[in-house]
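Student: So that we are looking at the same thing, I have put the structure below in structure tokens.
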Amino acid sequence: MGIVLRRVNGDDFYRTFRDMQREIDNVFSGVLSNGKYTEKKNCCSPNVDVYETDKSFVLEFELPGFKKEDININIEDNIISVESEQKFEEEKKDRNYHIIERRYGSFKRQFTLPENSDRENIHAKFNEGILEVTIDKKQEEKEEKTKSVEIE
């Protein structure tokens with residue numbers, strides 16, 4: 001059994017329409033604010049690659065611009081959650097912004113752990129904007145295929 005992706009409230013049908021409305025609002029607010037176009041995007045869900053090796057399951061998240069200290073990984077029951085928040089830097093008064101496109105906001109991605117995952121052996125490392133979460137597989141106790149039976 002592989003890792004199962006769980007949908008969080010942010011991944012719903014109406015998100016596309018809300019994003020379109022936000023873009024329209026931003027265009028008109030830019031026209032009304034001396035031509036400065038400010039596109040404030042939500043952080044949304046980061047891209048993630050999920051793969052399996054002989055000994056583990058691996059989740060690789062693209063998190064450019066995030067800090068290791070701001071990322072939380074939690075396990076509750078059989079669900080692993082990865083979440084973070086990226087804060088918007090205040091506009092500096094000495095700069096004459098024309099476009100602001102940096103993303104900010106929070107995200108939460110959840111995955112159901114496979115039955116053969118070892119909850120006690122989960123490791124994470126963060127390097128150059130990539131968060132790699134490795135979930136070791138439980139070591140199956142190998143039964144001996146042959147067994148001697150004593151005769152009484």
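Here's how to read the names in the structure tokens: chain A, B, ... by the order shown, residue numbers from 1 in each chain, ligand numbers from 1 in the order shown.
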Neighbours of Asp77 of chain A within 10 Å (only C-alpha atoms; same-chain residues fewer than 6 positions away dropped), as a PyMOL selection string?

Tutor: chain A and resi 112-113+119

Student: Given only C-alpha atoms, how would the per-residue table for segment 51-73 of chain A near segment 82-88 of chain A read, listing every residue at most 7 Å away with its closest atom pair and distance in Å to one decimal, sorted by chain and number, as a Markdown table?

Tutor:
| residue | atom | partner | partner_atom | distance |
| --- | --- | --- | --- | --- |
| A:Phe66 | CA | A:Gln86 | CA | 6.6 |
| A:Asp70 | CA | A:Ser84 | CA | 5.8 |
| A:Ile71 | CA | A:Ser84 | CA | 4.7 |
| A:Asn72 | CA | A:Glu83 | CA | 5.3 |
| A:Ile73 | CA | A:Val82 | CA | 4.6 |

Student: Counting only C-alpha atoms, give me one row per residue of segment 118-149 of chain A with an atom at most 6 Å from an atom of segment 50-61 of chain A, showing the shortest contact pair and its distance in Å to one decimal, sorted by chain then residue number, as CSV.

Tutor:
residue,atom,partner,partner_atom,distance
A:Ile130,CA,A:Phe61,CA,5.6
A:Leu131,CA,A:Phe61,CA,5.0
A:Glu132,CA,A:Glu60,CA,4.5
A:Val133,CA,A:Leu59,CA,5.1
A:Thr134,CA,A:Val58,CA,4.6
A:Ile135,CA,A:Phe57,CA,5.1
A:Asp136,CA,A:Ser56,CA,4.2
A:Lys137,CA,A:Ser56,CA,5.0
